[in-house]
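> Dumping the structure here so I can ask a few things about it.
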Amino acid sequence: MYKLLTPGPLTTTDTVKERMLVDHCTWDDDYKAITQRIRKQLLDIAQASDQTYTSVLMQGSGTFGVESVLTSSVGPKDKLLIAANGSYGLRMADIANTAGISHLVYQESYQNVPDPEKIDKLLTENPDITHVSIVHCETTSGILNNIEGIAKVVKEAGRTFIVDAMSSFGGMEIPVEALGIDFLISSANKCIQGVPGFSFVIARREALEKCAGLARSLSLDLYSQWREMEKDGKWRFTSPTHVVLAFAQALKELEEEGGVAARHSRYAKNNRLLIEGMEQLGFRPYISKSVQSPIITTFLYPENKTFSFQEMYHFIKERGYVIYPGKLTDADTFRIGNIGEIYEDDIEKLLDIFKEYKDLKE
Ligand SMILES: *Cc1c(COP(=O)(O)O)cnc(C)c1O
């Protein structure tokens with residue numbers, strides 16, 4: 001048994017896992033009511049009103065949700081601008097390439113956030129761009145992108161704004177309606193602390209209405225999924241019933257914790273403690289503090305040549321925690337997530353394990 005310090009799947013409560021011990025059928029009224037309640041709760045978390053916004057659940061992992069939005073909303077005459085500073089941003093370009101979606105990539109280095117002014121300039125220079133997409137917390141490095149600043153220029157330019165808030169939604173306040181985000185994507189197994197199995201989309205109704213007939217995939221057709229779900233909560237195809245029940249419990253527990261503000265403060269505290277403690281042990285974070293997210297942190301390998309990530313990983317795992325390898329091309333790094341059912345006490349224990357390992361090596 002060990003706890004996950006990874007950014008999803010993450011450590012969930014026993015009560016969330018226990019909810020999966022029940023078999024549920026998909027067309028039953030009770031089950032459909034659970035789906036409808038989840039959809040409403042997601043809008044509340046997004047600070048979005050039911051009149052202007054709706055939410056749609058989609059089978060599959062988070063990427064299925066991103067692919068669903070991109071392939072359902074960017075039409076044959078449209079063009080997508082993708083602001084990327086990590087592998088999840090670049091994955092959107094992969095999706096666009098695979099689906100034959102016309103697009104332009106504005107790439108920043110992994111340590112820099114995309115600049116609203118540069119996006120504004122690109123929109124002026126390329127009037128054919130209709131949609132702009134970006135990742136909120138780039139889980140690749142843990143950098144936090146400035147979606148507020150970018151929302152402002154995208155909305156002023158009258159374009160559709162798509163945000164992959166996979167690893168931040170539920171763990172950070174994102175006022176979706178105030179920012180005018182048209183589509184926001186997240187998934188069951190990140191900050192809401194459910195188990196993997198579906199993604200969800202917060203969509204501005206007007207933008208979603210425009211998706212009718214645009215889908216380039218049958219099963220990922222966001223508009224059709226919405227139409228079906230909007231009737232009475234029935235999913236279009238078989239839904240991950242156990243995952244949905246666990247998610248309903250996870251939402252209840254998020255509320256009991258005190259909502260997104262309370263969860264954010266727990267995560268931020270975990271993150272602060274982690275970075276301070278790791279710095280004291282001589283590990284340097286890869287992302288500068290001003291743009292570090294409270295979700296996951298990338299640390300550089302120590303300069304010591306005998307350092308072995310594999311050895312350290314197993315040492316830590318044997319003592320009850322699983323950390324995460326790095327995902328950067330230009331530096332040797334590892335990552336530690338601090339979301340999920342993780343508390344200050346866990347971070348302190350983890351730091352003790354790191355210290356024990358370091359003492360052993362010196
Ligand atoms: C987790 C994550 C995804 C989705 O990854 P899946 O493996 O498909 O669940 C997408 N974007 C970001 C930023 C993520 O953190």
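By convention here, the chains of the structure tokens are called A, B, ... in the order presented, each chain's residues are numbered starting at 1, and ligands are numbered starting at 1 in the order presented.
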Using only C-alpha atoms and all ligand atoms, determine which residues fall within 7 Å of ligand 1, then list them as a list of chain:residue names.

A:Pro7, A:Gly8, A:Ser61, A:Gly62, A:Thr63, A:Phe64, A:Tyr88, A:Val135, A:His136, A:Cys137, A:Glu138, A:Thr139, A:Asp164, A:Ala165, A:Met166, A:Ser167, A:Ser187

> The selected residues should be written to file as a tab-separated table (two decimals), in the first residue's frame (atoms: N, CA and C atoms).


```
chain	number	residue	atom	x	y	z
A	7	PRO	N	-0.19	13.37	-10.34
A	7	PRO	CA	-1.30	14.30	-10.60
A	7	PRO	C	-2.54	13.62	-11.18
A	8	GLY	N	-2.87	12.46	-10.82
A	8	GLY	CA	-4.09	11.79	-11.29
A	8	GLY	C	-3.75	10.70	-12.28
A	61	SER	N	-10.62	8.99	-20.67
A	61	SER	CA	-9.72	9.79	-19.83
A	61	SER	C	-9.80	11.26	-20.24
A	62	GLY	N	-9.00	12.09	-19.61
A	62	GLY	CA	-9.03	13.52	-19.89
A	62	GLY	C	-8.80	13.88	-21.35
A	63	THR	N	-7.89	13.18	-21.98
A	63	THR	CA	-7.59	13.47	-23.39
A	63	THR	C	-8.82	13.29	-24.27
A	64	PHE	N	-9.68	12.32	-23.92
A	64	PHE	CA	-10.90	12.12	-24.71
A	64	PHE	C	-11.77	13.39	-24.64
A	88	TYR	N	1.09	18.70	-22.69
A	88	TYR	CA	-0.37	18.67	-22.84
A	88	TYR	C	-0.86	19.70	-23.85
A	135	VAL	N	-3.64	25.26	-21.96
A	135	VAL	CA	-3.72	24.47	-20.74
A	135	VAL	C	-3.60	25.43	-19.56
A	136	HIS	N	-4.36	25.23	-18.51
A	136	HIS	CA	-4.27	26.11	-17.33
A	136	HIS	C	-3.03	25.74	-16.52
A	137	CYS	N	-3.09	24.64	-15.77
A	137	CYS	CA	-1.87	24.19	-15.08
A	137	CYS	C	-1.22	23.16	-15.99
A	138	GLU	N	-0.05	23.49	-16.55
A	138	GLU	CA	0.67	22.54	-17.42
A	138	GLU	C	1.32	21.51	-16.53
A	139	THR	N	0.69	20.36	-16.45
A	139	THR	CA	1.12	19.31	-15.53
A	139	THR	C	2.51	18.76	-15.89
A	164	ASP	N	-7.96	23.75	-21.17
A	164	ASP	CA	-7.73	22.45	-20.55
A	164	ASP	C	-7.33	22.72	-19.11
A	165	ALA	N	-8.32	22.58	-18.22
A	165	ALA	CA	-8.05	22.83	-16.79
A	165	ALA	C	-8.06	21.49	-16.05
A	166	MET	N	-7.55	20.50	-16.74
A	166	MET	CA	-7.59	19.13	-16.24
A	166	MET	C	-7.09	19.01	-14.82
A	167	SER	N	-5.88	19.54	-14.58
A	167	SER	CA	-5.25	19.29	-13.28
A	167	SER	C	-5.47	20.43	-12.28
A	187	SER	N	-11.24	16.28	-15.68
A	187	SER	CA	-11.62	14.87	-15.60
A	187	SER	C	-11.84	14.41	-14.17
```

> Just want the 7 Å neighbourhood of region 223-235 of chain A, counted on only C-alpha atoms, with same-chain residues fewer than 4 positions away dropped. Output as number ranges by chain.

A: 27, 32-33, 35-36, 56, 208, 211-212, 239

> Convert the current residue selection to file output with N, CA, C and O atoms, as a tab-separated table (two decimals), in the first residue's frame.


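Contents of selection-v2.tsv, freshly written:
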```tsv
chain	number	residue	atom	x	y	z
A	27	TRP	N	-29.97	3.03	-17.22
A	27	TRP	CA	-31.19	3.76	-17.63
A	27	TRP	C	-32.13	3.99	-16.47
A	27	TRP	O	-33.17	4.62	-16.61
A	32	LYS	N	-29.82	8.18	-13.44
A	32	LYS	CA	-29.89	9.38	-14.29
A	32	LYS	C	-29.94	10.65	-13.42
A	32	LYS	O	-29.36	11.68	-13.76
A	33	ALA	N	-30.62	10.53	-12.26
A	33	ALA	CA	-30.69	11.69	-11.36
A	33	ALA	C	-29.29	12.02	-10.80
A	33	ALA	O	-28.96	13.19	-10.60
A	35	THR	N	-26.46	11.58	-12.39
A	35	THR	CA	-25.77	12.30	-13.48
A	35	THR	C	-26.21	13.76	-13.52
A	35	THR	O	-25.37	14.67	-13.62
A	36	GLN	N	-27.51	13.99	-13.41
A	36	GLN	CA	-28.00	15.37	-13.47
A	36	GLN	C	-27.50	16.21	-12.31
A	36	GLN	O	-27.16	17.39	-12.48
A	56	VAL	N	-21.27	18.75	-19.69
A	56	VAL	CA	-21.43	17.48	-20.39
A	56	VAL	C	-20.38	16.51	-19.89
A	56	VAL	O	-19.20	16.87	-19.79
A	208	LEU	N	-21.79	25.87	-27.56
A	208	LEU	CA	-22.09	24.44	-27.76
A	208	LEU	C	-23.16	24.25	-28.83
A	208	LEU	O	-23.09	23.33	-29.65
A	211	CYS	N	-22.02	23.79	-32.29
A	211	CYS	CA	-21.29	22.57	-32.63
A	211	CYS	C	-22.15	21.54	-33.36
A	211	CYS	O	-21.64	20.51	-33.80
A	212	ALA	N	-23.45	21.83	-33.48
A	212	ALA	CA	-24.34	20.86	-34.13
A	212	ALA	C	-23.81	20.49	-35.52
A	212	ALA	O	-23.53	21.37	-36.33
A	239	SER	N	-22.07	4.15	-19.78
A	239	SER	CA	-21.23	5.04	-18.97
A	239	SER	C	-20.49	4.23	-17.91
A	239	SER	O	-20.92	3.13	-17.55
```

> For region 319-331 of chain A, please output as a PDB file with all heavy atoms, in the first residue's frame all residues within 7 Å (counting only C-alpha atoms; exclusion window: fewer than 6 positions along the same chain).


```
ATOM      1  N   MET A   1       0.839  -1.212   0.000  1.00  0.00           N
ATOM      2  CA  MET A   1       0.000   0.000   0.000  1.00  0.00           C
ATOM      3  C   MET A   1       0.869   1.255   0.000  1.00  0.00           C
ATOM      4  O   MET A   1       1.792   1.371   0.787  1.00  0.00           O
ATOM      5  CB  MET A   1      -0.889   0.021   1.260  1.00  0.00           C
ATOM      6  CG  MET A   1      -2.136  -0.820   1.153  1.00  0.00           C
ATOM      7  SD  MET A   1      -3.408  -0.015   0.160  1.00  0.00           S
ATOM      8  CE  MET A   1      -4.052   1.165   1.347  1.00  0.00           C
ATOM      9  N   TYR A   2       0.561   2.172  -0.872  1.00  0.00           N
ATOM     10  CA  TYR A   2       1.282   3.440  -0.867  1.00  0.00           C
ATOM     11  C   TYR A   2       0.346   4.540  -1.341  1.00  0.00           C
ATOM     12  O   TYR A   2      -0.685   4.271  -1.947  1.00  0.00           O
ATOM     13  CB  TYR A   2       2.516   3.381  -1.763  1.00  0.00           C
ATOM     14  CG  TYR A   2       2.295   2.756  -3.119  1.00  0.00           C
ATOM     15  CD1 TYR A   2       1.620   3.444  -4.120  1.00  0.00           C
ATOM     16  CD2 TYR A   2       2.769   1.468  -3.407  1.00  0.00           C
ATOM     17  CE1 TYR A   2       1.422   2.871  -5.358  1.00  0.00           C
ATOM     18  CE2 TYR A   2       2.564   0.889  -4.647  1.00  0.00           C
ATOM     19  CZ  TYR A   2       1.893   1.594  -5.626  1.00  0.00           C
ATOM     20  OH  TYR A   2       1.688   1.030  -6.849  1.00  0.00           O
ATOM     21  N   LYS A   3       0.713   5.766  -1.024  1.00  0.00           N
ATOM     22  CA  LYS A   3      -0.086   6.908  -1.491  1.00  0.00           C
ATOM     23  C   LYS A   3       0.543   7.474  -2.753  1.00  0.00           C
ATOM     24  O   LYS A   3       1.768   7.455  -2.904  1.00  0.00           O
ATOM     25  CB  LYS A   3      -0.141   7.984  -0.411  1.00  0.00           C
ATOM     26  CG  LYS A   3      -1.006   7.576   0.775  1.00  0.00           C
ATOM     27  CD  LYS A   3      -1.230   8.771   1.689  1.00  0.00           C
ATOM     28  CE  LYS A   3      -2.035   8.348   2.914  1.00  0.00           C
ATOM     29  NZ  LYS A   3      -2.184   9.470   3.853  1.00  0.00           N
ATOM     30  N   LEU A   4      -0.307   7.984  -3.613  1.00  0.00           N
ATOM     31  CA  LEU A   4       0.161   8.525  -4.889  1.00  0.00           C
ATOM     32  C   LEU A   4       0.443  10.019  -4.767  1.00  0.00           C
ATOM     33  O   LEU A   4      -0.432  10.786  -4.370  1.00  0.00           O
ATOM     34  CB  LEU A   4      -0.899   8.311  -5.979  1.00  0.00           C
ATOM     35  CG  LEU A   4      -1.339   6.865  -6.246  1.00  0.00           C
ATOM     36  CD1 LEU A   4      -2.445   6.843  -7.294  1.00  0.00           C
ATOM     37  CD2 LEU A   4      -0.163   6.027  -6.711  1.00  0.00           C
ATOM     38  N   LEU A   5       1.645  10.397  -5.119  1.00  0.00           N
ATOM     39  CA  LEU A   5       1.967  11.825  -5.209  1.00  0.00           C
ATOM     40  C   LEU A   5       2.114  12.168  -6.685  1.00  0.00           C
ATOM     41  O   LEU A   5       3.090  12.775  -7.123  1.00  0.00           O
ATOM     42  CB  LEU A   5       3.239  12.125  -4.408  1.00  0.00           C
ATOM     43  CG  LEU A   5       3.077  11.841  -2.905  1.00  0.00           C
ATOM     44  CD1 LEU A   5       4.390  11.991  -2.173  1.00  0.00           C
ATOM     45  CD2 LEU A   5       2.029  12.768  -2.290  1.00  0.00           C
ATOM     46  N   THR A   6       1.117  11.734  -7.423  1.00  0.00           N
ATOM     47  CA  THR A   6       1.080  11.917  -8.877  1.00  0.00           C
ATOM     48  C   THR A   6      -0.160  12.741  -9.188  1.00  0.00           C
ATOM     49  O   THR A   6      -1.078  12.804  -8.373  1.00  0.00           O
ATOM     50  CB  THR A   6       1.005  10.546  -9.569  1.00  0.00           C
ATOM     51  OG1 THR A   6      -0.145   9.856  -9.079  1.00  0.00           O
ATOM     52  CG2 THR A   6       2.240   9.704  -9.265  1.00  0.00           C
ATOM     53  N   THR A 140       2.911  18.979 -17.124  1.00  0.00           N
ATOM     54  CA  THR A 140       4.241  18.560 -17.573  1.00  0.00           C
ATOM     55  C   THR A 140       5.332  19.115 -16.656  1.00  0.00           C
ATOM     56  O   THR A 140       6.272  18.420 -16.315  1.00  0.00           O
ATOM     57  CB  THR A 140       4.508  19.125 -18.989  1.00  0.00           C
ATOM     58  OG1 THR A 140       3.367  18.892 -19.792  1.00  0.00           O
ATOM     59  CG2 THR A 140       5.736  18.503 -19.613  1.00  0.00           C
ATOM     60  N   THR A 298       8.066  20.299 -10.306  1.00  0.00           N
ATOM     61  CA  THR A 298       9.184  19.611 -10.943  1.00  0.00           C
ATOM     62  C   THR A 298      10.464  20.003 -10.222  1.00  0.00           C
ATOM     63  O   THR A 298      10.710  21.188  -9.989  1.00  0.00           O
ATOM     64  CB  THR A 298       9.276  20.039 -12.423  1.00  0.00           C
ATOM     65  OG1 THR A 298       8.080  19.607 -13.090  1.00  0.00           O
ATOM     66  CG2 THR A 298      10.478  19.401 -13.118  1.00  0.00           C
ATOM     67  N   TYR A 313      13.348   6.392  -6.201  1.00  0.00           N
ATOM     68  CA  TYR A 313      11.926   6.087  -6.375  1.00  0.00           C
ATOM     69  C   TYR A 313      11.537   4.859  -5.552  1.00  0.00           C
ATOM     70  O   TYR A 313      10.546   4.867  -4.824  1.00  0.00           O
ATOM     71  CB  TYR A 313      11.647   5.862  -7.866  1.00  0.00           C
ATOM     72  CG  TYR A 313      10.265   5.362  -8.176  1.00  0.00           C
ATOM     73  CD1 TYR A 313       9.210   6.259  -8.334  1.00  0.00           C
ATOM     74  CD2 TYR A 313      10.005   4.003  -8.297  1.00  0.00           C
ATOM     75  CE1 TYR A 313       7.933   5.801  -8.602  1.00  0.00           C
ATOM     76  CE2 TYR A 313       8.734   3.536  -8.564  1.00  0.00           C
ATOM     77  CZ  TYR A 313       7.700   4.431  -8.713  1.00  0.00           C
ATOM     78  OH  TYR A 313       6.436   3.975  -8.969  1.00  0.00           O
TER      79      TYR A 313
END
```

> Tell me which of A:Gln249, A:Ile336, A:Lys269, A:Glu303 sits closest to Arg19 (chain A), counting only C-alpha atoms.

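Closest to Arg19 (chain A) of all the choices is A:Gln249.
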
> Could you give me, as JSON lines, every region 148-247 of chain A residue with an atom at most 8 Å from region 105-117 of chain A, plus its closest atom pair and distance in Å to one decimal, counting only C-alpha atoms, rows ordered by chain then number?


```
{"residue": "A:Gly149", "atom": "CA", "partner": "A:Pro116", "partner_atom": "CA", "distance": 5.8}
{"residue": "A:Ile150", "atom": "CA", "partner": "A:Pro116", "partner_atom": "CA", "distance": 4.8}
{"residue": "A:Val153", "atom": "CA", "partner": "A:Pro116", "partner_atom": "CA", "distance": 6.6}
```

> Need to verify the contact set: Val74 (chain A), 9 Å, only C-alpha atoms, exclusion of same-chain residues closer than 6 positions in sequence. Can you return it as a PyMOL selection string?

chain A and resi 80+101-102+130-131+211+214-215

> Take the residues that were just selected and, keeping all heavy atoms, output them as a PDB file, in the first residue's frame.


```
ATOM      1  N   LEU A  80      -7.727  27.003 -35.399  1.00  0.00           N
ATOM      2  CA  LEU A  80      -7.431  26.987 -33.966  1.00  0.00           C
ATOM      3  C   LEU A  80      -6.009  27.480 -33.688  1.00  0.00           C
ATOM      4  O   LEU A  80      -5.073  27.038 -34.336  1.00  0.00           O
ATOM      5  CB  LEU A  80      -7.588  25.537 -33.469  1.00  0.00           C
ATOM      6  CG  LEU A  80      -7.137  25.190 -32.045  1.00  0.00           C
ATOM      7  CD1 LEU A  80      -8.029  25.879 -31.007  1.00  0.00           C
ATOM      8  CD2 LEU A  80      -7.181  23.670 -31.844  1.00  0.00           C
ATOM      9  N   ILE A 101      -7.629  19.234 -38.340  1.00  0.00           N
ATOM     10  CA  ILE A 101      -8.138  20.564 -37.961  1.00  0.00           C
ATOM     11  C   ILE A 101      -7.076  21.612 -38.300  1.00  0.00           C
ATOM     12  O   ILE A 101      -5.914  21.478 -37.914  1.00  0.00           O
ATOM     13  CB  ILE A 101      -8.447  20.603 -36.437  1.00  0.00           C
ATOM     14  CG1 ILE A 101      -9.633  19.693 -36.122  1.00  0.00           C
ATOM     15  CG2 ILE A 101      -8.688  22.026 -35.956  1.00  0.00           C
ATOM     16  CD1 ILE A 101      -9.860  19.468 -34.635  1.00  0.00           C
ATOM     17  N   SER A 102      -7.479  22.638 -38.993  1.00  0.00           N
ATOM     18  CA  SER A 102      -6.562  23.720 -39.343  1.00  0.00           C
ATOM     19  C   SER A 102      -6.129  24.426 -38.057  1.00  0.00           C
ATOM     20  O   SER A 102      -6.969  24.833 -37.243  1.00  0.00           O
ATOM     21  CB  SER A 102      -7.308  24.667 -40.289  1.00  0.00           C
ATOM     22  OG  SER A 102      -6.606  25.857 -40.409  1.00  0.00           O
ATOM     23  N   THR A 130     -10.261  31.374 -35.363  1.00  0.00           N
ATOM     24  CA  THR A 130     -11.589  31.471 -34.756  1.00  0.00           C
ATOM     25  C   THR A 130     -11.608  30.996 -33.309  1.00  0.00           C
ATOM     26  O   THR A 130     -12.464  31.384 -32.527  1.00  0.00           O
ATOM     27  CB  THR A 130     -12.589  30.617 -35.553  1.00  0.00           C
ATOM     28  OG1 THR A 130     -12.013  29.298 -35.719  1.00  0.00           O
ATOM     29  CG2 THR A 130     -12.865  31.215 -36.930  1.00  0.00           C
ATOM     30  N   HIS A 131     -10.659  30.094 -32.960  1.00  0.00           N
ATOM     31  CA  HIS A 131     -10.623  29.482 -31.631  1.00  0.00           C
ATOM     32  C   HIS A 131      -9.205  29.584 -31.050  1.00  0.00           C
ATOM     33  O   HIS A 131      -8.233  29.500 -31.801  1.00  0.00           O
ATOM     34  CB  HIS A 131     -10.992  27.999 -31.695  1.00  0.00           C
ATOM     35  CG  HIS A 131     -12.397  27.710 -32.149  1.00  0.00           C
ATOM     36  ND1 HIS A 131     -12.875  28.053 -33.400  1.00  0.00           N
ATOM     37  CD2 HIS A 131     -13.418  27.081 -31.516  1.00  0.00           C
ATOM     38  CE1 HIS A 131     -14.140  27.661 -33.500  1.00  0.00           C
ATOM     39  NE2 HIS A 131     -14.489  27.061 -32.379  1.00  0.00           N
ATOM     40  N   CYS A 211     -22.023  23.793 -32.289  1.00  0.00           N
ATOM     41  CA  CYS A 211     -21.292  22.568 -32.627  1.00  0.00           C
ATOM     42  C   CYS A 211     -22.154  21.544 -33.364  1.00  0.00           C
ATOM     43  O   CYS A 211     -21.637  20.511 -33.803  1.00  0.00           O
ATOM     44  CB  CYS A 211     -20.722  21.917 -31.370  1.00  0.00           C
ATOM     45  SG  CYS A 211     -19.530  22.942 -30.509  1.00  0.00           S
ATOM     46  N   LEU A 214     -20.940  19.393 -36.458  1.00  0.00           N
ATOM     47  CA  LEU A 214     -19.520  19.613 -36.765  1.00  0.00           C
ATOM     48  C   LEU A 214     -18.608  18.442 -36.404  1.00  0.00           C
ATOM     49  O   LEU A 214     -17.483  18.359 -36.875  1.00  0.00           O
ATOM     50  CB  LEU A 214     -18.995  20.853 -36.020  1.00  0.00           C
ATOM     51  CG  LEU A 214     -19.527  22.227 -36.414  1.00  0.00           C
ATOM     52  CD1 LEU A 214     -18.787  23.310 -35.626  1.00  0.00           C
ATOM     53  CD2 LEU A 214     -19.370  22.467 -37.908  1.00  0.00           C
ATOM     54  N   ALA A 215     -19.097  17.527 -35.557  1.00  0.00           N
ATOM     55  CA  ALA A 215     -18.213  16.494 -34.993  1.00  0.00           C
ATOM     56  C   ALA A 215     -17.512  15.683 -36.067  1.00  0.00           C
ATOM     57  O   ALA A 215     -18.089  15.367 -37.107  1.00  0.00           O
ATOM     58  CB  ALA A 215     -19.003  15.572 -34.083  1.00  0.00           C
TER      59      ALA A 215
END
```

> Would you work out the distance separating CA of Ser73 (chain A) from CA of Ile192 (chain A), expressed in Å to one decimal?

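Between these atoms lies a distance of 25.5 Å.
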